[in-house]
Each structure stands twice: as structure tokens, then as C-alpha cells.
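input03.cif follows (mmCIF, N, CA, C and O atoms):
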data_target
#
loop_
_atom_site.label_atom_id
_atom_site.label_comp_id
_atom_site.auth_asym_id
_atom_site.auth_seq_id
_atom_site.Cartn_x
_atom_site.Cartn_y
_atom_site.Cartn_z
N MET A 19 0.84 -1.17 0.00
CA MET A 19 0.00 0.00 0.00
C MET A 19 0.89 1.24 0.00
O MET A 19 1.98 1.23 0.54
N TYR A 20 0.39 2.32 -0.63
CA TYR A 20 1.14 3.57 -0.74
C TYR A 20 0.20 4.73 -0.43
O TYR A 20 -0.94 4.74 -0.88
N ILE A 21 0.68 5.69 0.35
CA ILE A 21 -0.10 6.87 0.70
C ILE A 21 0.58 8.10 0.11
O ILE A 21 1.78 8.31 0.33
N ALA A 22 -0.18 8.87 -0.64
CA ALA A 22 0.30 10.12 -1.23
C ALA A 22 -0.44 11.28 -0.59
O ALA A 22 -1.67 11.27 -0.53
N MET A 23 0.33 12.25 -0.08
CA MET A 23 -0.28 13.41 0.58
C MET A 23 0.29 14.70 0.00
O MET A 23 1.46 14.77 -0.32
N ASN A 24 -0.57 15.70 -0.11
CA ASN A 24 -0.15 17.05 -0.42
C ASN A 24 -0.65 17.95 0.70
O ASN A 24 -1.83 17.89 1.06
N ARG A 25 0.25 18.75 1.26
CA ARG A 25 -0.12 19.69 2.33
C ARG A 25 -0.23 21.09 1.76
O ARG A 25 0.61 21.51 0.96
N PHE A 26 -1.26 21.81 2.18
CA PHE A 26 -1.53 23.17 1.73
C PHE A 26 -1.68 24.06 2.95
O PHE A 26 -2.41 23.71 3.89
N THR A 27 -1.05 25.22 2.95
CA THR A 27 -1.25 26.22 3.99
C THR A 27 -2.18 27.28 3.42
O THR A 27 -1.88 27.89 2.38
N VAL A 28 -3.31 27.48 4.10
CA VAL A 28 -4.37 28.35 3.58
C VAL A 28 -4.69 29.43 4.61
O VAL A 28 -4.87 29.12 5.79
N SER A 29 -4.76 30.68 4.16
CA SER A 29 -5.12 31.78 5.06
C SER A 29 -6.61 31.70 5.42
O SER A 29 -7.41 31.14 4.66
N HIS A 30 -6.95 32.27 6.54
CA HIS A 30 -8.34 32.26 7.03
C HIS A 30 -9.29 32.81 5.96
O HIS A 30 -10.35 32.24 5.72
N GLU A 31 -8.90 33.89 5.31
CA GLU A 31 -9.80 34.51 4.32
C GLU A 31 -9.98 33.68 3.05
O GLU A 31 -10.94 33.88 2.32
N ASN A 32 -9.11 32.72 2.79
CA ASN A 32 -9.24 31.86 1.61
C ASN A 32 -9.79 30.47 1.93
O ASN A 32 -10.02 29.68 1.02
N ALA A 33 -9.99 30.16 3.19
CA ALA A 33 -10.37 28.80 3.59
C ALA A 33 -11.69 28.36 2.97
O ALA A 33 -11.79 27.24 2.46
N GLN A 34 -12.69 29.20 2.99
CA GLN A 34 -14.00 28.81 2.45
C GLN A 34 -13.91 28.52 0.94
O GLN A 34 -14.45 27.52 0.47
N ALA A 35 -13.22 29.38 0.20
CA ALA A 35 -13.07 29.17 -1.24
C ALA A 35 -12.24 27.91 -1.53
O ALA A 35 -12.54 27.16 -2.47
N PHE A 36 -11.21 27.67 -0.73
CA PHE A 36 -10.37 26.49 -0.90
C PHE A 36 -11.20 25.22 -0.69
O PHE A 36 -11.14 24.28 -1.49
N GLU A 37 -11.99 25.19 0.38
CA GLU A 37 -12.84 24.03 0.65
C GLU A 37 -13.87 23.83 -0.45
O GLU A 37 -14.11 22.70 -0.90
N LYS A 38 -14.49 24.90 -0.90
CA LYS A 38 -15.50 24.81 -1.96
C LYS A 38 -14.89 24.23 -3.23
O LYS A 38 -15.48 23.38 -3.89
N LEU A 39 -13.68 24.68 -3.55
CA LEU A 39 -12.98 24.18 -4.72
C LEU A 39 -12.77 22.66 -4.62
O LEU A 39 -13.10 21.92 -5.55
N TRP A 40 -12.26 22.19 -3.50
CA TRP A 40 -11.99 20.76 -3.33
C TRP A 40 -13.26 19.94 -3.29
O TRP A 40 -13.32 18.85 -3.87
N LEU A 41 -14.27 20.43 -2.60
CA LEU A 41 -15.51 19.67 -2.47
C LEU A 41 -16.28 19.59 -3.79
O LEU A 41 -17.07 18.67 -3.99
N GLY A 42 -16.03 20.53 -4.70
CA GLY A 42 -16.76 20.55 -5.95
C GLY A 42 -16.01 20.01 -7.15
O GLY A 42 -16.56 19.92 -8.24
N ARG A 43 -14.77 19.61 -6.97
CA ARG A 43 -13.99 19.18 -8.13
C ARG A 43 -14.22 17.71 -8.48
O ARG A 43 -14.58 16.90 -7.63
N ASP A 44 -14.01 17.39 -9.75
CA ASP A 44 -14.12 16.02 -10.24
C ASP A 44 -12.71 15.44 -10.21
O ASP A 44 -11.87 15.81 -11.03
N SER A 45 -12.44 14.55 -9.29
CA SER A 45 -11.08 14.07 -9.08
C SER A 45 -10.63 13.02 -10.08
O SER A 45 -9.43 12.83 -10.29
N HIS A 46 -11.54 12.28 -10.67
CA HIS A 46 -11.24 11.20 -11.63
C HIS A 46 -10.53 10.02 -10.96
O HIS A 46 -10.07 9.11 -11.64
N LEU A 47 -10.43 10.00 -9.65
CA LEU A 47 -9.70 8.93 -8.96
C LEU A 47 -10.40 7.58 -9.03
O LEU A 47 -9.73 6.55 -9.18
N LYS A 48 -11.71 7.57 -8.92
CA LYS A 48 -12.44 6.30 -8.84
C LYS A 48 -12.24 5.40 -10.05
O LYS A 48 -12.45 4.20 -9.96
N ASP A 49 -11.84 5.98 -11.16
CA ASP A 49 -11.65 5.20 -12.38
C ASP A 49 -10.26 4.59 -12.51
O ASP A 49 -9.98 3.87 -13.47
N MET A 50 -9.38 4.88 -11.56
CA MET A 50 -7.98 4.45 -11.68
C MET A 50 -7.74 3.09 -11.03
O MET A 50 -8.19 2.85 -9.91
N ASP A 51 -7.01 2.24 -11.73
CA ASP A 51 -6.60 0.96 -11.16
C ASP A 51 -5.70 1.22 -9.97
O ASP A 51 -4.80 2.08 -10.03
N GLY A 52 -5.94 0.53 -8.89
CA GLY A 52 -5.11 0.65 -7.71
C GLY A 52 -5.52 1.74 -6.74
O GLY A 52 -4.97 1.84 -5.65
N PHE A 53 -6.52 2.56 -7.11
CA PHE A 53 -7.01 3.58 -6.19
C PHE A 53 -7.81 2.91 -5.08
O PHE A 53 -8.64 2.05 -5.33
N VAL A 54 -7.54 3.31 -3.82
CA VAL A 54 -8.25 2.73 -2.67
C VAL A 54 -9.19 3.76 -2.04
O VAL A 54 -10.38 3.51 -1.91
N GLU A 55 -8.65 4.92 -1.63
CA GLU A 55 -9.51 5.93 -1.01
C GLU A 55 -8.84 7.29 -0.99
O GLU A 55 -7.62 7.40 -1.17
N PHE A 56 -9.65 8.31 -0.78
CA PHE A 56 -9.19 9.69 -0.71
C PHE A 56 -9.88 10.41 0.44
O PHE A 56 -11.07 10.20 0.66
N GLN A 57 -9.14 11.25 1.14
CA GLN A 57 -9.71 12.16 2.12
C GLN A 57 -9.04 13.52 1.95
O GLN A 57 -7.83 13.59 1.68
N MET A 58 -9.81 14.58 2.15
CA MET A 58 -9.24 15.92 2.27
C MET A 58 -9.33 16.24 3.76
O MET A 58 -10.41 16.20 4.35
N LEU A 59 -8.18 16.51 4.37
CA LEU A 59 -8.10 16.72 5.81
C LEU A 59 -7.97 18.21 6.12
O LEU A 59 -7.28 18.95 5.40
N LYS A 60 -8.63 18.63 7.19
CA LYS A 60 -8.62 20.03 7.63
C LYS A 60 -8.05 20.07 9.04
O LYS A 60 -8.62 19.49 9.96
N GLY A 61 -6.93 20.76 9.19
CA GLY A 61 -6.29 20.88 10.49
C GLY A 61 -6.82 22.08 11.26
O GLY A 61 -7.63 22.86 10.76
N PRO A 62 -6.32 22.27 12.48
CA PRO A 62 -6.75 23.42 13.28
C PRO A 62 -6.18 24.72 12.74
O PRO A 62 -5.16 24.72 12.05
N GLU A 63 -6.83 25.82 13.07
CA GLU A 63 -6.31 27.12 12.67
C GLU A 63 -5.12 27.47 13.54
O GLU A 63 -5.15 27.29 14.76
N ASN A 64 -4.06 27.97 12.93
CA ASN A 64 -2.85 28.38 13.63
C ASN A 64 -3.00 29.80 14.18
O ASN A 64 -3.88 30.55 13.76
N GLU A 65 -2.11 30.17 15.06
CA GLU A 65 -2.14 31.51 15.66
C GLU A 65 -1.99 32.62 14.62
O GLU A 65 -2.48 33.73 14.82
N ASP A 66 -1.32 32.32 13.50
CA ASP A 66 -1.13 33.34 12.47
C ASP A 66 -2.30 33.46 11.50
O ASP A 66 -2.24 34.18 10.51
N GLY A 67 -3.39 32.72 11.77
CA GLY A 67 -4.58 32.78 10.93
C GLY A 67 -4.56 31.85 9.74
O GLY A 67 -5.46 31.89 8.91
N THR A 68 -3.55 30.98 9.64
CA THR A 68 -3.51 30.00 8.56
C THR A 68 -4.02 28.65 9.07
O THR A 68 -4.10 28.42 10.27
N ARG A 69 -4.36 27.82 8.13
CA ARG A 69 -4.83 26.47 8.46
C ARG A 69 -4.14 25.49 7.51
O ARG A 69 -3.97 25.77 6.33
N LEU A 70 -3.74 24.34 8.04
CA LEU A 70 -3.14 23.30 7.23
C LEU A 70 -4.23 22.36 6.72
O LEU A 70 -5.08 21.90 7.50
N TYR A 71 -4.22 22.11 5.43
CA TYR A 71 -5.08 21.11 4.79
C TYR A 71 -4.16 20.06 4.18
O TYR A 71 -3.04 20.38 3.77
N ALA A 72 -4.63 18.84 4.10
CA ALA A 72 -3.85 17.79 3.45
C ALA A 72 -4.76 16.89 2.64
O ALA A 72 -5.79 16.43 3.15
N SER A 73 -4.40 16.66 1.39
CA SER A 73 -5.08 15.64 0.60
C SER A 73 -4.38 14.32 0.91
O SER A 73 -3.16 14.26 0.96
N HIS A 74 -5.16 13.28 1.14
CA HIS A 74 -4.64 11.98 1.60
C HIS A 74 -5.22 10.91 0.68
O HIS A 74 -6.42 10.67 0.70
N THR A 75 -4.37 10.32 -0.14
CA THR A 75 -4.83 9.32 -1.10
C THR A 75 -4.13 8.00 -0.82
O THR A 75 -2.92 7.96 -0.66
N VAL A 76 -4.90 6.94 -0.77
CA VAL A 76 -4.35 5.60 -0.54
C VAL A 76 -4.42 4.82 -1.86
O VAL A 76 -5.45 4.81 -2.53
N TRP A 77 -3.30 4.18 -2.18
CA TRP A 77 -3.16 3.40 -3.41
C TRP A 77 -2.74 1.98 -3.08
O TRP A 77 -2.09 1.75 -2.06
N ALA A 78 -3.05 1.05 -3.94
CA ALA A 78 -2.65 -0.34 -3.75
C ALA A 78 -1.13 -0.48 -3.77
O ALA A 78 -0.57 -1.34 -3.10
N SER A 79 -0.45 0.40 -4.53
CA SER A 79 1.01 0.33 -4.64
C SER A 79 1.54 1.69 -5.11
O SER A 79 0.79 2.52 -5.63
N GLU A 80 2.84 1.88 -4.95
CA GLU A 80 3.45 3.10 -5.47
C GLU A 80 3.36 3.12 -6.99
O GLU A 80 3.17 4.19 -7.60
N ASP A 81 3.47 1.97 -7.63
CA ASP A 81 3.34 1.91 -9.09
C ASP A 81 1.97 2.40 -9.54
O ASP A 81 1.86 3.10 -10.55
N ALA A 82 0.91 2.04 -8.80
CA ALA A 82 -0.45 2.51 -9.14
C ALA A 82 -0.53 4.02 -9.02
O ALA A 82 -1.12 4.69 -9.87
N PHE A 83 0.08 4.58 -7.96
CA PHE A 83 0.10 6.03 -7.80
C PHE A 83 0.86 6.69 -8.95
O PHE A 83 0.40 7.68 -9.53
N ARG A 84 2.03 6.17 -9.28
CA ARG A 84 2.84 6.75 -10.37
C ARG A 84 2.08 6.68 -11.70
O ARG A 84 2.15 7.62 -12.51
N ALA A 85 1.34 5.61 -11.93
CA ALA A 85 0.53 5.50 -13.15
C ALA A 85 -0.53 6.60 -13.18
O ALA A 85 -0.80 7.19 -14.23
N TRP A 86 -1.13 6.88 -12.03
CA TRP A 86 -2.10 7.98 -11.92
C TRP A 86 -1.47 9.31 -12.33
O TRP A 86 -2.05 10.09 -13.08
N THR A 87 -0.25 9.58 -11.86
CA THR A 87 0.37 10.87 -12.14
C THR A 87 0.75 11.03 -13.62
O THR A 87 0.99 12.15 -14.06
N ARG A 88 0.78 9.93 -14.35
CA ARG A 88 1.10 9.98 -15.78
C ARG A 88 -0.14 9.84 -16.67
O ARG A 88 -0.03 9.80 -17.89
N SER A 89 -1.31 9.77 -16.06
CA SER A 89 -2.54 9.48 -16.81
C SER A 89 -3.25 10.74 -17.32
O SER A 89 -3.04 11.85 -16.83
N ASP A 90 -4.10 10.53 -18.32
CA ASP A 90 -4.97 11.60 -18.81
C ASP A 90 -5.92 12.05 -17.72
O ASP A 90 -6.27 13.24 -17.63
N ALA A 91 -6.36 11.13 -16.87
CA ALA A 91 -7.26 11.47 -15.77
C ALA A 91 -6.59 12.45 -14.80
O ALA A 91 -7.22 13.38 -14.31
N PHE A 92 -5.31 12.25 -14.51
CA PHE A 92 -4.55 13.16 -13.65
C PHE A 92 -4.50 14.55 -14.27
O PHE A 92 -4.75 15.56 -13.60
N ARG A 93 -4.18 14.61 -15.56
CA ARG A 93 -4.12 15.90 -16.24
C ARG A 93 -5.48 16.60 -16.22
O ARG A 93 -5.57 17.81 -16.00
N ALA A 94 -6.55 15.85 -16.41
CA ALA A 94 -7.90 16.43 -16.37
C ALA A 94 -8.24 16.95 -14.97
O ALA A 94 -8.81 18.03 -14.81
N ALA A 95 -7.87 16.19 -13.94
CA ALA A 95 -8.18 16.59 -12.56
C ALA A 95 -7.39 17.81 -12.13
O ALA A 95 -7.83 18.56 -11.26
N HIS A 96 -6.22 18.03 -12.72
CA HIS A 96 -5.34 19.12 -12.32
C HIS A 96 -5.24 20.24 -13.36
O HIS A 96 -4.38 21.11 -13.23
N LYS A 97 -6.12 20.25 -14.33
CA LYS A 97 -6.00 21.21 -15.43
C LYS A 97 -6.08 22.66 -14.98
O LYS A 97 -5.50 23.53 -15.60
N ASN A 98 -6.77 22.96 -13.89
CA ASN A 98 -6.88 24.34 -13.41
C ASN A 98 -6.06 24.60 -12.16
O ASN A 98 -6.28 25.61 -11.48
N ALA A 99 -5.13 23.73 -11.84
CA ALA A 99 -4.36 23.86 -10.60
C ALA A 99 -3.61 25.18 -10.53
O ALA A 99 -3.51 25.79 -9.47
N GLY A 100 -3.10 25.68 -11.64
CA GLY A 100 -2.38 26.95 -11.64
C GLY A 100 -3.27 28.13 -11.28
O GLY A 100 -2.82 29.10 -10.68
N ASN A 101 -4.55 28.02 -11.60
CA ASN A 101 -5.50 29.10 -11.30
C ASN A 101 -5.87 29.15 -9.82
O ASN A 101 -6.37 30.16 -9.34
N THR A 102 -5.65 28.06 -9.10
CA THR A 102 -6.06 28.00 -7.70
C THR A 102 -4.92 28.27 -6.73
O THR A 102 -5.12 28.30 -5.53
N ALA A 103 -3.71 28.47 -7.26
CA ALA A 103 -2.54 28.67 -6.39
C ALA A 103 -2.71 29.87 -5.47
O ALA A 103 -2.13 29.91 -4.39
N LYS A 104 -3.52 30.86 -5.88
CA LYS A 104 -3.71 32.03 -5.04
C LYS A 104 -4.48 31.71 -3.75
O LYS A 104 -4.50 32.52 -2.83
N LEU A 105 -5.12 30.55 -3.68
CA LEU A 105 -5.89 30.19 -2.48
C LEU A 105 -5.02 29.62 -1.37
O LEU A 105 -5.45 29.54 -0.23
N HIS A 106 -3.81 29.18 -1.70
CA HIS A 106 -2.91 28.64 -0.67
C HIS A 106 -1.55 29.30 -0.79
O HIS A 106 -1.21 29.87 -1.83
N GLN A 107 -0.79 29.23 0.27
CA GLN A 107 0.52 29.88 0.32
C GLN A 107 1.58 28.95 -0.26
O GLN A 107 1.76 27.83 0.22
N GLY A 108 2.28 29.41 -1.28
CA GLY A 108 3.34 28.61 -1.88
C GLY A 108 2.81 27.37 -2.58
O GLY A 108 1.61 27.18 -2.75
N ALA A 109 3.73 26.53 -2.98
CA ALA A 109 3.36 25.27 -3.64
C ALA A 109 2.95 24.24 -2.59
O ALA A 109 3.43 24.29 -1.46
N PRO A 110 2.05 23.32 -2.95
CA PRO A 110 1.73 22.25 -2.01
C PRO A 110 2.99 21.43 -1.71
O PRO A 110 3.88 21.33 -2.56
N THR A 111 3.06 20.86 -0.53
CA THR A 111 4.18 20.02 -0.14
C THR A 111 3.76 18.56 -0.31
O THR A 111 2.82 18.11 0.34
N PHE A 112 4.43 17.84 -1.21
CA PHE A 112 4.12 16.43 -1.44
C PHE A 112 4.88 15.54 -0.47
O PHE A 112 6.06 15.77 -0.20
N GLU A 113 4.20 14.51 0.03
CA GLU A 113 4.83 13.48 0.85
C GLU A 113 4.27 12.13 0.41
O GLU A 113 3.06 11.95 0.32
N GLY A 114 5.15 11.18 0.10
CA GLY A 114 4.74 9.84 -0.28
C GLY A 114 5.25 8.82 0.73
O GLY A 114 6.40 8.93 1.18
N PHE A 115 4.40 7.86 1.07
CA PHE A 115 4.75 6.89 2.11
C PHE A 115 4.41 5.47 1.66
O PHE A 115 3.29 5.21 1.22
N SER A 116 5.35 4.55 1.83
CA SER A 116 5.06 3.13 1.68
C SER A 116 4.60 2.63 3.04
O SER A 116 5.25 2.90 4.06
N VAL A 117 3.49 1.92 3.06
CA VAL A 117 2.94 1.41 4.32
C VAL A 117 3.74 0.19 4.75
O VAL A 117 3.88 -0.77 3.99
N ILE A 118 4.25 0.22 5.99
CA ILE A 118 5.00 -0.93 6.50
C ILE A 118 4.20 -1.68 7.56
O ILE A 118 4.56 -2.80 7.92
N GLN A 119 3.11 -1.06 8.06
CA GLN A 119 2.22 -1.76 8.98
C GLN A 119 0.83 -1.17 8.81
O GLN A 119 0.66 0.04 8.66
N ASP A 120 -0.18 -2.03 8.85
CA ASP A 120 -1.58 -1.61 8.67
C ASP A 120 -2.43 -2.37 9.67
O ASP A 120 -2.54 -3.60 9.56
N ILE A 121 -3.00 -1.69 10.63
CA ILE A 121 -3.86 -2.29 11.64
C ILE A 121 -5.25 -1.73 11.46
O ILE A 121 -5.42 -0.51 11.44
N THR A 122 -6.23 -2.58 11.29
CA THR A 122 -7.60 -2.13 11.10
C THR A 122 -8.52 -2.74 12.16
O THR A 122 -8.18 -3.78 12.76
N ALA A 123 -9.66 -2.11 12.35
CA ALA A 123 -10.65 -2.64 13.30
C ALA A 123 -11.29 -3.90 12.72
O ALA A 123 -11.37 -4.07 11.50
N ASN A 124 -11.75 -4.76 13.58
CA ASN A 124 -12.40 -5.99 13.11
C ASN A 124 -13.76 -5.71 12.55
O ASN A 124 -14.49 -4.92 12.85
#
Give the structure from this file in C-alpha cells form.
Amino acid sequence: MYIAMNRFTVSHENAQAFEKLWLGRDSHLKDMDGFVEFQMLKGPENEDGTRLYASHTVWASEDAFRAWTRSDAFRAAHKNAGNTAKLHQGAPTFEGFSVIQDITAN
């Protein structure tokens, strides 16, 4: 299993627009081989008025994730990404993780 995350720092005044953008977008993920699940995470507001958001995607393997990043579906899902950069500070921070232990509830 492989987990791909992007972290975004969003100012208080852009938070509502940022959330609306994510909640309304067509991700194209469900059609991809190896896709398991996606969550958009919302962290607490910081003292400086920013909030950390993280997109959290679970894949069957790193190869499945890499295939997604090279697909037409990825390009379609990210076609307007440059237009939304003003909603968050700087570029998103990518983090990729190979799962070495997975414990689930019965």
C-alpha cells in the first residue's frame, strides 16, 4: 500500500473558497486501477490565521500512484491547478509513504 499526501497552507480569508474548490472538483480517482480511497483533511487554525489542509490518497502500490500521475485522468483533474494557487501559500508540499504496517478494526 502507498499513501500520497499534499499539504496546503491556507489563510483564514481563503479557507471557504479552498474548501468549496476541493468539495466541488471532479477528481477522476475512482476510475484508476489501484485507487483505494481519498480524504481531504482540515487541520486546526494556527495563531497566524492560517490552516493546514492535506489531501490523503491511498493506493494499492506506489506503481499505481505513479501511473495515476502519468494518466490523462490526472491531467484532467489538475487542469486548473495553476489558477487556484492564489488560495494557498506557496506550492503544495508532497509526501509519499510506503505502508509498513496496517492495523484495522475488526
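Applied to this file, the PyMOL selection byres ((chain A and resi 79) around 8) selects Met19, Tyr20, Ile21, Asp51, Gly52, Phe53, Val54, Val76, Trp77, Ala78, Glu80, Asp81, Ala82, Phe83, Arg84, Ala85, Trp86, Phe115 and Ser116 of chain A.
Between Thr111 in chain A and the candidates A:Met58, A:Met50, A:Val28, A:Ala72, the tightest atom-to-atom separation, counting only C-alpha atoms, involves A:Ala72.
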* Which residues come within 6 Å of Phe112 in chain A, counting only N, CA, C and O atoms, excluding same-chain residues fewer than 6 positions away, as a VMD selection string? -> chain A and resid 23 to 25
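Nearest residue to Glu113 in chain A among A:Thr27, A:Gln34, A:Thr87, A:Ser73 is A:Ser73, counting all atoms listed in the file.
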Ground truth for the PyMOL selection byres ((chain A and resi 30) around 8), written as an mmCIF file with N, CA, C and O atoms, in the frame of the given file:
data_model
loop_
_atom_site.group_PDB
_atom_site.id
_atom_site.type_symbol
_atom_site.label_atom_id
_atom_site.label_comp_id
_atom_site.auth_asym_id
_atom_site.auth_seq_id
_atom_site.Cartn_x
_atom_site.Cartn_y
_atom_site.Cartn_z
ATOM 1 N N THR A 27 -1.050 25.220 2.950
ATOM 2 C CA THR A 27 -1.250 26.220 3.990
ATOM 3 C C THR A 27 -2.180 27.280 3.420
ATOM 4 O O THR A 27 -1.880 27.890 2.380
ATOM 5 N N VAL A 28 -3.310 27.480 4.100
ATOM 6 C CA VAL A 28 -4.370 28.350 3.580
ATOM 7 C C VAL A 28 -4.690 29.430 4.610
ATOM 8 O O VAL A 28 -4.870 29.120 5.790
ATOM 9 N N SER A 29 -4.760 30.680 4.160
ATOM 10 C CA SER A 29 -5.120 31.780 5.060
ATOM 11 C C SER A 29 -6.610 31.700 5.420
ATOM 12 O O SER A 29 -7.410 31.140 4.660
ATOM 13 N N GLU A 31 -8.900 33.890 5.310
ATOM 14 C CA GLU A 31 -9.800 34.510 4.320
ATOM 15 C C GLU A 31 -9.980 33.680 3.050
ATOM 16 O O GLU A 31 -10.940 33.880 2.320
ATOM 17 N N ASN A 32 -9.110 32.720 2.790
ATOM 18 C CA ASN A 32 -9.240 31.860 1.610
ATOM 19 C C ASN A 32 -9.790 30.470 1.930
ATOM 20 O O ASN A 32 -10.020 29.680 1.020
ATOM 21 N N ALA A 33 -9.990 30.160 3.190
ATOM 22 C CA ALA A 33 -10.370 28.800 3.590
ATOM 23 C C ALA A 33 -11.690 28.360 2.970
ATOM 24 O O ALA A 33 -11.790 27.240 2.460
ATOM 25 N N GLN A 34 -12.690 29.200 2.990
ATOM 26 C CA GLN A 34 -14.000 28.810 2.450
ATOM 27 C C GLN A 34 -13.910 28.520 0.940
ATOM 28 O O GLN A 34 -14.450 27.520 0.470
ATOM 29 N N ALA A 35 -13.220 29.380 0.200
ATOM 30 C CA ALA A 35 -13.070 29.170 -1.240
ATOM 31 C C ALA A 35 -12.240 27.910 -1.530
ATOM 32 O O ALA A 35 -12.540 27.160 -2.470
ATOM 33 N N PHE A 36 -11.210 27.670 -0.730
ATOM 34 C CA PHE A 36 -10.370 26.490 -0.900
ATOM 35 C C PHE A 36 -11.200 25.220 -0.690
ATOM 36 O O PHE A 36 -11.140 24.280 -1.490
ATOM 37 N N GLU A 63 -6.830 25.820 13.070
ATOM 38 C CA GLU A 63 -6.310 27.120 12.670
ATOM 39 C C GLU A 63 -5.120 27.470 13.540
ATOM 40 O O GLU A 63 -5.150 27.290 14.760
ATOM 41 N N ASP A 66 -1.320 32.320 13.500
ATOM 42 C CA ASP A 66 -1.130 33.340 12.470
ATOM 43 C C ASP A 66 -2.300 33.460 11.500
ATOM 44 O O ASP A 66 -2.240 34.180 10.510
ATOM 45 N N GLY A 67 -3.390 32.720 11.770
ATOM 46 C CA GLY A 67 -4.580 32.780 10.930
ATOM 47 C C GLY A 67 -4.560 31.850 9.740
ATOM 48 O O GLY A 67 -5.460 31.890 8.910
ATOM 49 N N THR A 68 -3.550 30.980 9.640
ATOM 50 C CA THR A 68 -3.510 30.000 8.560
ATOM 51 C C THR A 68 -4.020 28.650 9.070
ATOM 52 O O THR A 68 -4.100 28.420 10.270
ATOM 53 N N ARG A 69 -4.360 27.820 8.130
ATOM 54 C CA ARG A 69 -4.830 26.470 8.460
ATOM 55 C C ARG A 69 -4.140 25.490 7.510
ATOM 56 O O ARG A 69 -3.970 25.770 6.330
ATOM 57 N N LEU A 105 -5.120 30.550 -3.680
ATOM 58 C CA LEU A 105 -5.890 30.190 -2.480
ATOM 59 C C LEU A 105 -5.020 29.620 -1.370
ATOM 60 O O LEU A 105 -5.450 29.540 -0.230
#
* To do: Extract the full set of alpha helix (DSSP H) residues from range 33-95 of chain A according to DSSP on the backbone, and format it as a PyMOL selection string.
  => chain A and resi 33-42+80-87+90-95
Suppose we keep N, CA, C and O atoms; can you now write the selection as a compact mmCIF listing (two decimals), keeping the file's coordinate frame?
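Contents of the output file again.txt:
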# COMPACT_ATOMS: atom_id res chain seq x y z
N ALA A 33 -9.99 30.16 3.19
CA ALA A 33 -10.37 28.80 3.59
C ALA A 33 -11.69 28.36 2.97
O ALA A 33 -11.79 27.24 2.46
N GLN A 34 -12.69 29.20 2.99
CA GLN A 34 -14.00 28.81 2.45
C GLN A 34 -13.91 28.52 0.94
O GLN A 34 -14.45 27.52 0.47
N ALA A 35 -13.22 29.38 0.20
CA ALA A 35 -13.07 29.17 -1.24
C ALA A 35 -12.24 27.91 -1.53
O ALA A 35 -12.54 27.16 -2.47
N PHE A 36 -11.21 27.67 -0.73
CA PHE A 36 -10.37 26.49 -0.90
C PHE A 36 -11.20 25.22 -0.69
O PHE A 36 -11.14 24.28 -1.49
N GLU A 37 -11.99 25.19 0.38
CA GLU A 37 -12.84 24.03 0.65
C GLU A 37 -13.87 23.83 -0.45
O GLU A 37 -14.11 22.70 -0.90
N LYS A 38 -14.49 24.90 -0.90
CA LYS A 38 -15.50 24.81 -1.96
C LYS A 38 -14.89 24.23 -3.23
O LYS A 38 -15.48 23.38 -3.89
N LEU A 39 -13.68 24.68 -3.55
CA LEU A 39 -12.98 24.18 -4.72
C LEU A 39 -12.77 22.66 -4.62
O LEU A 39 -13.10 21.92 -5.55
N TRP A 40 -12.26 22.19 -3.50
CA TRP A 40 -11.99 20.76 -3.33
C TRP A 40 -13.26 19.94 -3.29
O TRP A 40 -13.32 18.85 -3.87
N LEU A 41 -14.27 20.43 -2.60
CA LEU A 41 -15.51 19.67 -2.47
C LEU A 41 -16.28 19.59 -3.79
O LEU A 41 -17.07 18.67 -3.99
N GLY A 42 -16.03 20.53 -4.70
CA GLY A 42 -16.76 20.55 -5.95
C GLY A 42 -16.01 20.01 -7.15
O GLY A 42 -16.56 19.92 -8.24
N GLU A 80 2.84 1.88 -4.95
CA GLU A 80 3.45 3.10 -5.47
C GLU A 80 3.36 3.12 -6.99
O GLU A 80 3.17 4.19 -7.60
N ASP A 81 3.47 1.97 -7.63
CA ASP A 81 3.34 1.91 -9.09
C ASP A 81 1.97 2.40 -9.54
O ASP A 81 1.86 3.10 -10.55
N ALA A 82 0.91 2.04 -8.80
CA ALA A 82 -0.45 2.51 -9.14
C ALA A 82 -0.53 4.02 -9.02
O ALA A 82 -1.12 4.69 -9.87
N PHE A 83 0.08 4.58 -7.96
CA PHE A 83 0.10 6.03 -7.80
C PHE A 83 0.86 6.69 -8.95
O PHE A 83 0.40 7.68 -9.53
N ARG A 84 2.03 6.17 -9.28
CA ARG A 84 2.84 6.75 -10.37
C ARG A 84 2.08 6.68 -11.70
O ARG A 84 2.15 7.62 -12.51
N ALA A 85 1.34 5.61 -11.93
CA ALA A 85 0.53 5.50 -13.15
C ALA A 85 -0.53 6.60 -13.18
O ALA A 85 -0.80 7.19 -14.23
N TRP A 86 -1.13 6.88 -12.03
CA TRP A 86 -2.10 7.98 -11.92
C TRP A 86 -1.47 9.31 -12.33
O TRP A 86 -2.05 10.09 -13.08
N THR A 87 -0.25 9.58 -11.86
CA THR A 87 0.37 10.87 -12.14
C THR A 87 0.75 11.03 -13.62
O THR A 87 0.99 12.15 -14.06
N ASP A 90 -4.10 10.53 -18.32
CA ASP A 90 -4.97 11.60 -18.81
C ASP A 90 -5.92 12.05 -17.72
O ASP A 90 -6.27 13.24 -17.63
N ALA A 91 -6.36 11.13 -16.87
CA ALA A 91 -7.26 11.47 -15.77
C ALA A 91 -6.59 12.45 -14.80
O ALA A 91 -7.22 13.38 -14.31
N PHE A 92 -5.31 12.25 -14.51
CA PHE A 92 -4.55 13.16 -13.65
C PHE A 92 -4.50 14.55 -14.27
O PHE A 92 -4.75 15.56 -13.60
N ARG A 93 -4.18 14.61 -15.56
CA ARG A 93 -4.12 15.90 -16.24
C ARG A 93 -5.48 16.60 -16.22
O ARG A 93 -5.57 17.81 -16.00
N ALA A 94 -6.55 15.85 -16.41
CA ALA A 94 -7.90 16.43 -16.37
C ALA A 94 -8.24 16.95 -14.97
O ALA A 94 -8.81 18.03 -14.81
N ALA A 95 -7.87 16.19 -13.94
CA ALA A 95 -8.18 16.59 -12.56
C ALA A 95 -7.39 17.81 -12.13
O ALA A 95 -7.83 18.56 -11.26
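Here atom N of Ala22 in chain A is placed at a distance of 14.4 Å from CA of Phe92 in chain A.
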* To do: Return as a list in words the set of residues that the PyMOL selection byres ((chain A and resi 44) around 7) yields on the displayed structure.
  => Leu39, Trp40, Leu41, Gly42, Arg43, Ser45, His46, Leu47, Ala91, Ala94, Ala95 and His96 of chain A
* To do: Would you please give, as JSON, numbers by chain, all residues of chain A that DSSP assigns to strand (DSSP E or B) based on the backbone?
  => {"A": [20, 21, 22, 23, 24, 25, 26, 27, 28, 29, 53, 54, 55, 56, 57, 58, 59, 60, 61, 62, 63, 68, 69, 70, 71, 72, 73, 74, 75, 76, 77, 107, 108, 109, 110, 111, 112, 113, 114, 115, 116]}
